[in-house]
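One file, model_12.txt, is given below (compact mmCIF, C-alpha atoms).
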# COMPACT_ATOMS: atom_id res chain seq x y z
CA MET Z 16 -19.30 -30.25 44.94
CA ASP Z 17 -16.69 -28.12 43.24
CA SER Z 18 -13.81 -30.24 44.64
CA VAL Z 19 -15.04 -33.33 42.81
CA LEU Z 20 -15.62 -31.32 39.64
CA ARG Z 21 -12.16 -29.77 39.82
CA ALA Z 22 -10.51 -33.15 40.30
CA ALA Z 23 -12.48 -34.77 37.48
CA ALA Z 24 -11.87 -31.85 35.13
CA MET Z 25 -8.12 -31.82 35.84
CA TYR Z 26 -7.91 -35.61 35.39
CA VAL Z 27 -9.58 -35.44 31.99
CA ALA Z 28 -7.67 -32.32 30.92
CA LEU Z 29 -4.31 -33.85 31.84
CA MET Z 30 -5.16 -37.10 30.09
CA VAL Z 31 -6.03 -35.26 26.88
CA LEU Z 32 -2.99 -32.97 27.11
CA PHE Z 33 -0.59 -35.84 27.65
CA LYS Z 34 -2.17 -37.71 24.76
CA ILE Z 35 -1.46 -34.65 22.61
CA ALA Z 36 2.10 -34.48 23.92
CA GLY Z 37 2.67 -38.07 22.82
CA ARG Z 38 4.25 -41.12 24.38
CA ARG Z 39 7.76 -39.80 24.87
CA SER Z 40 6.65 -36.97 27.13
CA LEU Z 41 6.15 -39.32 30.08
CA ALA Z 42 9.39 -41.25 29.63
CA GLU Z 43 11.48 -38.95 31.93
CA LEU Z 44 14.28 -38.56 29.45
CA THR Z 45 16.46 -35.75 30.77
CA THR Z 46 16.64 -33.92 34.06
CA PHE Z 47 14.84 -31.04 32.40
CA ASP Z 48 11.93 -33.27 31.36
CA PHE Z 49 11.69 -34.44 34.95
CA VAL Z 50 11.62 -30.87 36.26
CA LEU Z 51 9.02 -29.98 33.63
CA LEU Z 52 6.79 -32.80 34.85
CA MET Z 53 7.18 -31.55 38.40
CA MET Z 54 6.16 -28.05 37.31
CA ILE Z 55 3.06 -29.48 35.69
CA GLY Z 56 2.31 -31.24 38.97
CA GLU Z 57 2.66 -27.99 40.88
CA ALA Z 58 0.33 -26.14 38.52
CA THR Z 59 -2.21 -28.95 38.79
CA GLN Z 60 -2.12 -28.92 42.57
CA GLN Z 61 -3.07 -25.27 42.71
CA ALA Z 62 -6.07 -25.88 40.53
CA LEU Z 63 -7.18 -28.89 42.55
CA LEU Z 64 -7.12 -27.38 46.00
CA GLY Z 65 -7.89 -23.74 45.20
CA ASP Z 66 -7.68 -21.84 48.46
CA ASP Z 67 -9.12 -24.67 50.51
CA PHE Z 68 -6.39 -26.51 52.39
CA SER Z 69 -8.62 -28.54 54.68
CA ILE Z 70 -8.06 -32.27 55.16
CA THR Z 71 -11.59 -32.93 53.90
CA ASN Z 72 -10.91 -31.16 50.61
CA ALA Z 73 -7.59 -32.92 50.10
CA ILE Z 74 -9.06 -36.36 50.80
CA LEU Z 75 -12.08 -35.66 48.61
CA VAL Z 76 -9.85 -34.69 45.70
CA ILE Z 77 -7.61 -37.73 46.16
CA VAL Z 78 -10.61 -40.04 46.45
CA THR Z 79 -12.09 -38.63 43.26
CA LEU Z 80 -8.83 -39.07 41.35
CA ILE Z 81 -8.34 -42.64 42.53
CA ALA Z 82 -11.99 -43.50 41.86
CA ILE Z 83 -11.73 -42.28 38.29
CA ASP Z 84 -8.41 -44.06 37.82
CA VAL Z 85 -9.68 -47.40 39.12
CA GLY Z 86 -12.91 -46.97 37.16
CA LEU Z 87 -10.96 -46.45 33.97
CA SER Z 88 -8.73 -49.46 34.63
CA LEU Z 89 -11.86 -51.60 35.09
CA LEU Z 90 -13.17 -50.22 31.84
CA LYS Z 91 -9.88 -51.03 30.12
CA GLN Z 92 -10.13 -54.60 31.35
CA ARG Z 93 -13.57 -55.02 29.84
CA SER Z 94 -13.05 -53.23 26.57
CA SER Z 95 -9.94 -53.54 24.41
CA TRP Z 96 -11.14 -50.53 22.41
CA ALA Z 97 -11.09 -48.41 25.57
CA SER Z 98 -7.72 -49.81 26.51
CA ARG Z 99 -6.30 -48.88 23.12
CA LEU Z 100 -7.84 -45.42 23.34
CA ILE Z 101 -6.54 -44.66 26.83
CA ASP Z 102 -3.17 -46.41 26.85
CA GLY Z 103 -2.21 -46.66 23.20
CA GLU Z 104 -0.25 -49.46 21.59
CA PRO Z 105 3.41 -50.32 21.07
CA THR Z 106 4.95 -49.45 17.71
CA ILE Z 107 7.96 -51.11 16.03
CA ILE Z 108 10.57 -48.56 14.95
CA VAL Z 109 13.56 -50.74 14.01
CA GLU Z 110 13.12 -54.01 12.17
CA ASN Z 111 16.07 -56.35 11.51
CA GLY Z 112 18.68 -53.63 11.79
CA LYS Z 113 16.81 -51.13 9.62
CA LEU Z 114 15.15 -47.95 10.87
CA LEU Z 115 11.55 -47.49 9.81
CA ARG Z 116 12.05 -43.83 9.03
CA GLU Z 117 8.43 -42.87 8.29
CA ARG Z 118 7.45 -44.13 11.73
CA LEU Z 119 10.34 -42.32 13.40
CA ARG Z 120 9.26 -39.13 11.70
CA HIS Z 121 5.66 -39.43 12.91
CA ALA Z 122 6.78 -40.32 16.42
CA ARG Z 123 9.18 -37.34 16.45
CA LEU Z 124 12.17 -39.58 17.17
CA VAL Z 125 15.70 -39.68 15.79
CA GLU Z 126 18.21 -42.47 15.39
CA ALA Z 127 20.18 -41.15 18.39
CA ASP Z 128 17.20 -41.84 20.66
CA VAL Z 129 17.10 -45.46 19.51
CA MET Z 130 20.86 -45.93 19.91
CA GLU Z 131 20.77 -44.43 23.40
CA ALA Z 132 18.11 -46.93 24.44
CA ALA Z 133 20.09 -49.74 22.78
CA ARG Z 134 23.29 -48.87 24.60
CA SER Z 135 21.72 -48.40 28.01
CA SER Z 136 19.50 -51.48 28.00
CA GLN Z 137 21.47 -54.06 26.00
CA GLY Z 138 24.98 -52.67 25.58
CA ILE Z 139 24.48 -52.71 21.82
CA GLU Z 140 26.99 -50.72 19.76
CA LYS Z 141 25.66 -50.76 16.22
CA LEU Z 142 22.22 -50.40 14.64
CA GLU Z 143 22.72 -53.69 12.75
CA GLU Z 144 22.82 -55.62 16.04
CA ILE Z 145 19.23 -54.65 16.82
CA LYS Z 146 16.58 -57.15 15.78
CA PHE Z 147 13.61 -55.09 16.95
CA ALA Z 148 13.26 -51.73 18.64
CA ILE Z 149 9.78 -50.96 19.92
CA ILE Z 150 8.40 -47.79 21.38
CA GLU Z 151 6.18 -49.03 24.19
CA ARG Z 152 2.91 -47.56 25.43
CA ASN Z 153 4.71 -45.73 28.24
CA GLY Z 154 7.19 -44.10 25.84
CA LYS Z 155 10.20 -46.25 26.71
CA ILE Z 156 12.07 -47.83 23.82
CA SER Z 157 12.65 -51.54 24.31
CA ILE Z 158 15.37 -53.31 22.36
CA ILE Z 159 15.53 -56.93 21.24
CA ALA Z 160 19.04 -57.88 20.16
CA ARG Z 161 19.82 -60.02 17.15
CA GLU Z 162 20.71 -63.58 18.11
CA GLU Z 163 24.17 -64.52 16.85
CA MET V 3 -2.23 -37.57 3.85
CA ASN V 4 -1.22 -39.72 0.88
CA ASP V 5 1.49 -41.64 2.71
CA ASP V 6 -1.12 -43.43 4.77
CA VAL V 7 -0.75 -47.06 3.78
CA GLU V 8 1.34 -46.58 0.64
CA HIS V 9 4.78 -46.53 2.30
CA PRO V 10 6.05 -50.01 3.29
CA ASP V 11 7.29 -48.58 6.61
CA LEU V 12 3.69 -47.94 7.56
CA HIS V 13 2.31 -51.44 7.02
CA SER V 14 1.11 -53.22 10.16
CA ARG V 15 3.48 -55.83 11.52
CA LYS V 16 2.34 -58.93 13.38
CA PHE V 17 5.54 -59.94 15.20
CA PRO V 18 6.71 -59.27 17.94
CA VAL V 19 3.73 -56.99 18.52
CA ARG V 20 0.43 -56.98 16.71
CA GLU V 21 0.02 -53.56 15.15
CA ASP V 22 -2.81 -51.53 13.69
CA MET V 23 -1.05 -48.80 11.75
CA ALA V 24 -4.27 -47.26 10.49
CA TYR V 25 -5.18 -46.53 14.11
CA GLN V 26 -1.66 -45.38 14.98
CA LEU V 27 -1.67 -42.93 12.08
CA LYS V 28 -4.92 -41.49 13.43
CA VAL V 29 -3.26 -41.12 16.83
CA TRP V 30 -0.31 -39.29 15.26
CA ARG V 31 -2.65 -37.03 13.29
CA PHE V 32 -4.52 -36.26 16.53
CA GLU V 33 -1.19 -35.36 18.15
CA ARG V 34 -0.39 -32.97 15.30
CA CYS V 35 -3.83 -31.29 15.39
CA GLY V 36 -3.60 -31.13 19.18
CA TRP V 37 -0.28 -29.31 18.88
CA TYR V 38 -1.89 -26.68 16.64
CA MET V 39 -4.68 -26.26 19.20
CA LEU V 40 -2.12 -25.76 21.97
CA VAL V 41 -0.35 -23.07 19.94
CA LEU V 42 -3.71 -21.40 19.30
CA LEU V 43 -4.50 -21.44 23.02
CA VAL V 44 -1.12 -19.91 23.82
CA VAL V 45 -1.66 -17.14 21.27
CA LEU V 46 -5.18 -16.44 22.57
CA GLY V 47 -3.87 -16.43 26.12
CA LEU V 48 -1.19 -13.92 25.19
CA ALA V 49 -3.78 -11.80 23.43
CA GLY V 50 -5.75 -11.69 26.66
CA LEU V 51 -8.74 -13.89 25.94
CA PHE V 52 -8.29 -15.50 29.38
CA SER V 53 -8.01 -12.17 31.20
CA ARG V 54 -5.51 -9.32 31.19
CA GLY V 55 -4.62 -8.42 27.65
CA LEU V 56 -5.77 -6.69 24.52
CA LEU V 57 -8.89 -8.77 24.13
CA SER V 58 -9.94 -8.33 27.72
CA THR V 59 -9.10 -4.83 28.93
CA ARG V 60 -11.84 -2.31 28.30
CA ASP V 61 -12.10 1.44 28.78
CA VAL V 62 -15.64 2.72 28.37
CA ARG V 63 -17.35 6.04 29.01
CA SER V 64 -20.88 7.26 29.32
CA GLU V 65 -22.22 9.35 26.44
CA ASP V 66 -21.44 12.69 28.08
CA GLY V 67 -18.10 11.44 29.37
CA ARG V 68 -18.94 11.98 33.02
CA VAL V 69 -18.37 8.35 33.92
CA ARG V 70 -15.33 6.37 32.80
CA VAL V 71 -14.88 2.70 33.65
CA GLN V 72 -11.67 0.74 33.08
CA TYR V 73 -12.24 -2.95 33.65
CA GLU V 74 -11.44 -6.49 32.53
CA MET V 75 -14.03 -8.29 30.44
CA PHE V 76 -12.64 -11.77 31.12
CA HIS V 77 -11.86 -13.08 34.56
CA ARG V 78 -10.74 -16.36 36.06
CA ASN V 79 -12.48 -17.81 39.09
CA GLY V 80 -10.52 -17.13 42.24
CA SER V 81 -8.21 -14.50 40.82
CA THR V 82 -8.44 -10.73 41.25
CA ASN V 83 -8.55 -7.94 38.75
CA SER V 84 -8.92 -4.20 39.18
CA MET V 85 -11.72 -1.95 38.06
CA ASN V 86 -11.31 1.81 38.07
CA ILE V 87 -14.27 4.17 37.91
CA SER V 88 -13.76 7.88 37.32
CA VAL V 89 -16.67 10.24 37.90
CA SER V 90 -16.90 13.97 37.32
CA GLY V 91 -19.38 16.22 39.04
CA VAL V 92 -19.65 19.38 41.09
CA PRO V 93 -16.38 20.23 42.92
CA GLU V 94 -16.21 19.59 46.68
CA SER V 95 -19.48 17.68 46.90
CA THR V 96 -20.71 14.14 46.94
CA VAL V 97 -21.74 12.20 43.84
CA GLU V 98 -23.91 9.14 44.03
CA LEU V 99 -22.70 6.11 42.12
CA GLU V 100 -24.50 2.80 41.90
CA LEU V 101 -22.97 -0.55 40.98
CA ALA V 102 -26.06 -2.34 39.78
CA GLY V 103 -26.84 -5.62 38.10
CA GLU V 104 -25.22 -8.99 38.61
CA ILE V 105 -21.79 -7.74 39.53
CA LEU V 106 -22.03 -8.71 43.21
CA GLU V 107 -23.45 -12.12 42.32
CA GLY V 108 -20.33 -13.10 40.47
CA PHE V 109 -17.68 -11.02 42.19
CA SER V 110 -16.69 -10.04 45.66
CA ILE V 111 -15.15 -6.64 46.25
CA GLU V 112 -11.80 -7.20 47.93
CA THR V 113 -10.69 -3.59 48.20
CA LEU V 114 -12.41 -0.31 47.57
CA GLN V 115 -10.26 2.80 47.63
CA PRO V 116 -10.75 5.55 48.69
CA GLU V 117 -13.43 4.75 51.23
CA PRO V 118 -16.73 6.27 50.09
CA ALA V 119 -18.38 8.94 52.20
CA ARG V 120 -21.44 6.75 52.49
CA ALA V 121 -22.40 3.30 51.27
CA ARG V 122 -25.71 1.45 51.12
CA SER V 123 -27.00 -1.68 49.49
CA SER V 124 -29.42 -1.17 46.63
CA GLY V 125 -31.29 -4.11 45.20
CA GLN V 126 -28.69 -6.55 43.88
CA GLY V 127 -25.88 -4.02 43.99
CA ILE V 128 -24.52 -1.21 46.12
CA ARG V 129 -24.85 2.54 46.13
CA LEU V 130 -21.83 4.66 47.01
CA TRP V 131 -21.47 8.34 47.75
CA LEU V 132 -18.07 9.62 46.62
CA GLN V 133 -16.41 12.85 47.63
CA THR V 134 -15.22 14.89 44.62
CA ASP V 135 -12.00 16.92 44.66
CA THR V 136 -11.48 20.58 43.76
CA GLN V 137 -11.80 19.80 40.05
CA GLY V 138 -14.98 17.80 40.55
CA GLN V 139 -13.25 14.45 39.92
CA ALA V 140 -13.79 11.36 42.01
CA ASP V 141 -11.89 8.14 41.30
CA LEU V 142 -12.75 4.75 42.74
CA PHE V 143 -10.22 1.91 42.67
CA ILE V 144 -11.87 -1.49 43.11
CA THR V 145 -10.29 -4.93 43.30
CA LEU V 146 -12.78 -7.54 42.14
CA ARG V 147 -12.40 -11.22 42.90
CA GLY V 148 -14.21 -13.59 40.58
CA ASP V 149 -16.25 -16.02 42.66
CA GLY V 150 -18.86 -17.19 40.19
CA LEU V 151 -18.83 -18.76 36.76
CA GLY V 152 -20.15 -17.51 33.48
CA LEU V 153 -21.51 -14.25 32.17
CA PHE V 154 -22.50 -11.36 34.41
CA HIS V 155 -24.18 -8.19 33.20
CA SER V 156 -23.92 -5.08 35.32
CA ARG V 157 -24.39 -1.32 35.10
CA ILE V 158 -22.56 1.62 36.53
CA VAL V 159 -25.27 4.18 37.22
CA LEU V 160 -24.68 7.89 37.75
CA PRO V 161 -27.88 9.92 38.11
CA GLY V 162 -28.18 12.45 35.30
CA THR V 163 -26.35 10.41 32.69
CA ASN V 164 -26.87 7.14 30.86
CA ASP V 165 -25.85 3.82 32.45
CA VAL V 166 -22.50 2.34 31.51
CA ARG V 167 -23.22 -1.28 30.70
CA LEU V 168 -20.64 -3.94 31.47
CA ALA V 169 -20.50 -7.60 30.52
CA GLN V 170 -17.99 -9.76 32.33
CA PHE V 171 -17.22 -13.44 31.92
CA ILE V 172 -15.58 -15.61 34.56
CA PHE V 173 -13.69 -18.72 33.44
CA PRO V 174 -13.55 -21.69 35.83
How does the structure come out when it is put into structure tokens?
Amino acid sequence: MDSVLRAAAMYVALMVLFKIAGRRSLAELTTFDFVLLMMIGEATQQALLGDDFSITNAILVIVTLIAIDVGLSLLKQRSSWASRLIDGEPTIIVENGKLLRERLRHARLVEADVMEAARSSQGIEKLEEIKFAIIERNGKISIIAREE
Amino acid sequence: MNDDVEHPDLHSRKFPVREDMAYQLKVWRFERCGWYMLVLLVVLGLAGLFSRGLLSTRDVRSEDGRVRVQYEMFHRNGSTNSMNISVSGVPESTVELELAGEILEGFSIETLQPEPARARSSGQGIRLWLQTDTQGQADLFITLRGDGLGLFHSRIVLPGTNDVRLAQFIFP
């Protein structure tokens, strides 16, 4: 019984903690962020398995996690409110070459983050060439270039 | 927050994505409050609320000082903590010490040093006979492993003096 409870508790706890951390925390920005995510994975694994390394326990934990995940995705399909709560929504941060600074401030972003995404995805050199920059639900910044 | 819908930056756009800035501002406020909660948890953790620290480590004695117990008030399930019991009595003899109450319901004793002269179960707990040294002191070093969840009340009983009451809480 405790395996299922551990898995469910860790799933919920991680969901809440990553919601607190914000969208950018899952975007795998630098090597350090990647290593940090791996460390979180390691800490989670210890809590999930405890001192029970049997196949039964491992499968039970994995089954519980997948069941909750699929259940939530079914819920998200049915209810747009749940989908918004769990996944979030995209937010525009640059509009017609101008930074929306209040939004950047709330999202804890700087202009350099936007320009990095612009250069790597579209080869854009200047802020004025960006029509829209949007921070997506998964934390990645997508860039729509201005048509010439 | 008075910048809620006043600032033009924070108005909802419709193209290329349909936005609901009122909701997004709530999300950002939740993130900020969540960050304060995380800091609070870190501070409490450092202070020992989740075992091993100022808030958790206790050093209690019986009224006449014959029994002294150093223990942790907060434990985490699956992890071990030490408990030291010091007893004074007649030199070069045996003293009877009882660990009574719920202690063995929530904990398992991983190590018990030095080995008691005699040991017996007693109701919910155990009764130990310890050999005192030339000064009449006997020390018991116990490693407790938290196996249960929740609050456990126990007593350290030495005949001839009042019980030392312990309350221990095990976090999941």
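For Phe173 of chain V, the set of protein, DNA and RNA residues having any atom at most 7 Å away, when counting all atoms listed in the file and skipping those fewer than 4 positions along the same chain, is His77, Arg78, Asn79, Leu151 and Gly152 of chain V.
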Just to be explicit: take each residue in the selection above, keep C-alpha atoms, and write the result as a PDB file, in the frame of the given file.
ATOM      1  CA  HIS V  77     -11.860 -13.080  34.560  1.00  0.00           C
ATOM      2  CA  ARG V  78     -10.740 -16.360  36.060  1.00  0.00           C
ATOM      3  CA  ASN V  79     -12.480 -17.810  39.090  1.00  0.00           C
ATOM      4  CA  LEU V 151     -18.830 -18.760  36.760  1.00  0.00           C
ATOM      5  CA  GLY V 152     -20.150 -17.510  33.480  1.00  0.00           C
TER       6      GLY V 152
END
Checklist entry - So how far away is atom CA of Arg54 of chain V from atom CA of Ala121 of chain V, in Å? => result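 Value for the atom CA of Ala121 of chain V-atom CA of Arg54 of chain V distance: 29.1 Å.
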Residue neighbourhood segment 69-76 of chain Z, 12 Å, all atoms listed in the file, exclusion window fewer than 5 positions, as an mmCIF file with C-alpha atoms, in the frame of the given file:
data_model
loop_
_atom_site.group_PDB
_atom_site.id
_atom_site.type_symbol
_atom_site.label_atom_id
_atom_site.label_comp_id
_atom_site.auth_asym_id
_atom_site.auth_seq_id
_atom_site.Cartn_x
_atom_site.Cartn_y
_atom_site.Cartn_z
ATOM 1 C CA MET Z 16 -19.300 -30.250 44.940
ATOM 2 C CA ASP Z 17 -16.690 -28.120 43.240
ATOM 3 C CA SER Z 18 -13.810 -30.240 44.640
ATOM 4 C CA VAL Z 19 -15.040 -33.330 42.810
ATOM 5 C CA LEU Z 20 -15.620 -31.320 39.640
ATOM 6 C CA ARG Z 21 -12.160 -29.770 39.820
ATOM 7 C CA ALA Z 22 -10.510 -33.150 40.300
ATOM 8 C CA ALA Z 23 -12.480 -34.770 37.480
ATOM 9 C CA ALA Z 24 -11.870 -31.850 35.130
ATOM 10 C CA MET Z 25 -8.120 -31.820 35.840
ATOM 11 C CA TYR Z 26 -7.910 -35.610 35.390
ATOM 12 C CA THR Z 59 -2.210 -28.950 38.790
ATOM 13 C CA GLN Z 60 -2.120 -28.920 42.570
ATOM 14 C CA GLN Z 61 -3.070 -25.270 42.710
ATOM 15 C CA ALA Z 62 -6.070 -25.880 40.530
ATOM 16 C CA LEU Z 63 -7.180 -28.890 42.550
ATOM 17 C CA LEU Z 64 -7.120 -27.380 46.000
ATOM 18 C CA ILE Z 81 -8.340 -42.640 42.530
ATOM 19 C CA ALA Z 82 -11.990 -43.500 41.860
ATOM 20 C CA ILE Z 83 -11.730 -42.280 38.290
#
Checklist entry - Using only C-alpha atoms, which chain Z residues lie at most 9 Å away from chain V, written as a VMD selection string? => result chain Z and resid 32 34 to 37 65 to 66 103 to 108 114 to 118 121 to 122 147 149
Next, dump the selected residues to file, keeping only C-alpha atoms, as a PDB file, keeping the file's coordinate frame.
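File produced: result32.pdb:
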ATOM      1  CA  LEU Z  32      -2.990 -32.970  27.110  1.00  0.00           C
ATOM      2  CA  LYS Z  34      -2.170 -37.710  24.760  1.00  0.00           C
ATOM      3  CA  ILE Z  35      -1.460 -34.650  22.610  1.00  0.00           C
ATOM      4  CA  ALA Z  36       2.100 -34.480  23.920  1.00  0.00           C
ATOM      5  CA  GLY Z  37       2.670 -38.070  22.820  1.00  0.00           C
ATOM      6  CA  GLY Z  65      -7.890 -23.740  45.200  1.00  0.00           C
ATOM      7  CA  ASP Z  66      -7.680 -21.840  48.460  1.00  0.00           C
ATOM      8  CA  GLY Z 103      -2.210 -46.660  23.200  1.00  0.00           C
ATOM      9  CA  GLU Z 104      -0.250 -49.460  21.590  1.00  0.00           C
ATOM     10  CA  PRO Z 105       3.410 -50.320  21.070  1.00  0.00           C
ATOM     11  CA  THR Z 106       4.950 -49.450  17.710  1.00  0.00           C
ATOM     12  CA  ILE Z 107       7.960 -51.110  16.030  1.00  0.00           C
ATOM     13  CA  ILE Z 108      10.570 -48.560  14.950  1.00  0.00           C
ATOM     14  CA  LEU Z 114      15.150 -47.950  10.870  1.00  0.00           C
ATOM     15  CA  LEU Z 115      11.550 -47.490   9.810  1.00  0.00           C
ATOM     16  CA  ARG Z 116      12.050 -43.830   9.030  1.00  0.00           C
ATOM     17  CA  GLU Z 117       8.430 -42.870   8.290  1.00  0.00           C
ATOM     18  CA  ARG Z 118       7.450 -44.130  11.730  1.00  0.00           C
ATOM     19  CA  HIS Z 121       5.660 -39.430  12.910  1.00  0.00           C
ATOM     20  CA  ALA Z 122       6.780 -40.320  16.420  1.00  0.00           C
ATOM     21  CA  PHE Z 147      13.610 -55.090  16.950  1.00  0.00           C
ATOM     22  CA  ILE Z 149       9.780 -50.960  19.920  1.00  0.00           C
TER      23      ILE Z 149
END
Next on the checklist: Counting only C-alpha atoms, I want the residues whose atoms come within 6 Å of (-25.1, -7.3, 36.9) in the file frame, returned as a PyMOL selection string.
Outcome noted: chain V and resi 102-105+154-156
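Put simply, atom CA of Gly138 of chain Z is 20.2 Å away from atom CA of Leu124 of chain Z.
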Checklist entry - Counting only C-alpha atoms, which of Z:Met54, Z:Ala42, Z:Ile101, Z:Leu80 gets nearest to Ile150 of chain Z? => result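 Of Z:Met54, Z:Ala42, Z:Ile101, Z:Leu80, the one nearest Ile150 of chain Z, counting only C-alpha atoms, is Z:Ala42.
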Checklist entry - What separation in Å, quoted to one decimal, exists between atom CA of Leu160 of chain V and atom CA of Arg147 of chain V? => result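 These two atoms are separated by 23.3 Å.
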Item to check | Polymer residues at most 7 Å from segment 144-146 of chain Z, only C-alpha atoms, same-chain spacing of 4 or more positions, as a PyMOL selection string | outcome: chain Z and resi 110-112+139+158-161
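Nearest to Leu46 of chain V of all the residues V:Ser124, V:Ser58, V:Thr163, V:Ser81 is V:Ser58, based on all atoms listed in the file.
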Item to check | Selected residue of minimal separation from Ala148 of chain Z among Z:Lys91, Z:Arg99, Z:Lys113, Z:Arg120, counting only C-alpha atoms | outcome: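 That would be Z:Lys113, the residue with the smallest distance to Ala148 of chain Z.
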First collect every listed atom of segment 117-121 of chain Z; then fit an axis-aligned box around them, widen it by 4 Å on each side, and give centre and edge lengths in Å to one decimal, as JSON.
{"center_x": 8.0, "center_y": -41.6, "center_z": 10.8, "size_x": 12.7, "size_y": 13.0, "size_z": 13.1}
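Counting only C-alpha atoms and comparing V:Glu107, V:Ala140, V:Gly148, V:Ser90, the residue that lies closest to Ser64 of chain V is V:Ser90.
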Subset file: segment 148-160 of chain V, N, CA, C and O atoms, as an mmCIF file, in the first residue's frame:
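Generated file (out-v2.cif):
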data_model
loop_
_atom_site.group_PDB
_atom_site.id
_atom_site.type_symbol
_atom_site.label_atom_id
_atom_site.label_comp_id
_atom_site.auth_asym_id
_atom_site.auth_seq_id
_atom_site.Cartn_x
_atom_site.Cartn_y
_atom_site.Cartn_z
ATOM 1 N N GLY V 148 13.113 4.941 12.633
ATOM 2 C CA GLY V 148 11.697 5.270 12.571
ATOM 3 C C GLY V 148 10.982 4.411 11.547
ATOM 4 O O GLY V 148 11.286 4.492 10.360
ATOM 5 N N ASP V 149 10.046 3.592 12.010
ATOM 6 C CA ASP V 149 9.321 2.711 11.086
ATOM 7 C C ASP V 149 7.871 3.114 10.936
ATOM 8 O O ASP V 149 7.211 2.708 9.991
ATOM 9 N N GLY V 150 7.354 3.856 11.884
ATOM 10 C CA GLY V 150 5.942 4.212 11.840
ATOM 11 C C GLY V 150 5.751 5.623 11.336
ATOM 12 O O GLY V 150 6.645 6.220 10.738
ATOM 13 N N LEU V 151 4.556 6.142 11.574
ATOM 14 C CA LEU V 151 4.233 7.510 11.176
ATOM 15 C C LEU V 151 3.473 8.157 12.310
ATOM 16 O O LEU V 151 2.618 7.526 12.910
ATOM 17 N N GLY V 152 3.771 9.403 12.569
ATOM 18 C CA GLY V 152 2.941 10.126 13.538
ATOM 19 C C GLY V 152 3.590 10.240 14.904
ATOM 20 O O GLY V 152 4.804 10.105 15.061
ATOM 21 N N LEU V 153 2.736 10.494 15.887
ATOM 22 C CA LEU V 153 3.207 10.813 17.229
ATOM 23 C C LEU V 153 3.280 9.562 18.102
ATOM 24 O O LEU V 153 2.375 8.741 18.075
ATOM 25 N N PHE V 154 4.354 9.422 18.829
ATOM 26 C CA PHE V 154 4.518 8.277 19.729
ATOM 27 C C PHE V 154 4.948 8.777 21.096
ATOM 28 O O PHE V 154 5.942 9.488 21.229
ATOM 29 N N HIS V 155 4.165 8.392 22.107
ATOM 30 C CA HIS V 155 4.494 8.764 23.482
ATOM 31 C C HIS V 155 5.164 7.589 24.159
ATOM 32 O O HIS V 155 4.701 6.457 24.064
ATOM 33 N N SER V 156 6.261 7.849 24.836
ATOM 34 C CA SER V 156 6.907 6.754 25.579
ATOM 35 C C SER V 156 7.465 7.277 26.893
ATOM 36 O O SER V 156 7.462 8.481 27.145
ATOM 37 N N ARG V 157 7.897 6.345 27.726
ATOM 38 C CA ARG V 157 8.434 6.682 29.050
ATOM 39 C C ARG V 157 9.704 5.891 29.292
ATOM 40 O O ARG V 157 9.793 4.722 28.909
ATOM 41 N N ILE V 158 10.644 6.548 29.900
ATOM 42 C CA ILE V 158 11.838 5.845 30.379
ATOM 43 C C ILE V 158 11.651 5.708 31.884
ATOM 44 O O ILE V 158 11.577 6.713 32.604
ATOM 45 N N VAL V 159 11.553 4.462 32.345
ATOM 46 C CA VAL V 159 11.179 4.218 33.739
ATOM 47 C C VAL V 159 12.363 3.656 34.506
ATOM 48 O O VAL V 159 12.935 2.645 34.125
ATOM 49 N N LEU V 160 12.735 4.317 35.577
ATOM 50 C CA LEU V 160 13.742 3.798 36.498
ATOM 51 C C LEU V 160 13.059 3.676 37.847
ATOM 52 O O LEU V 160 12.562 4.688 38.362
#
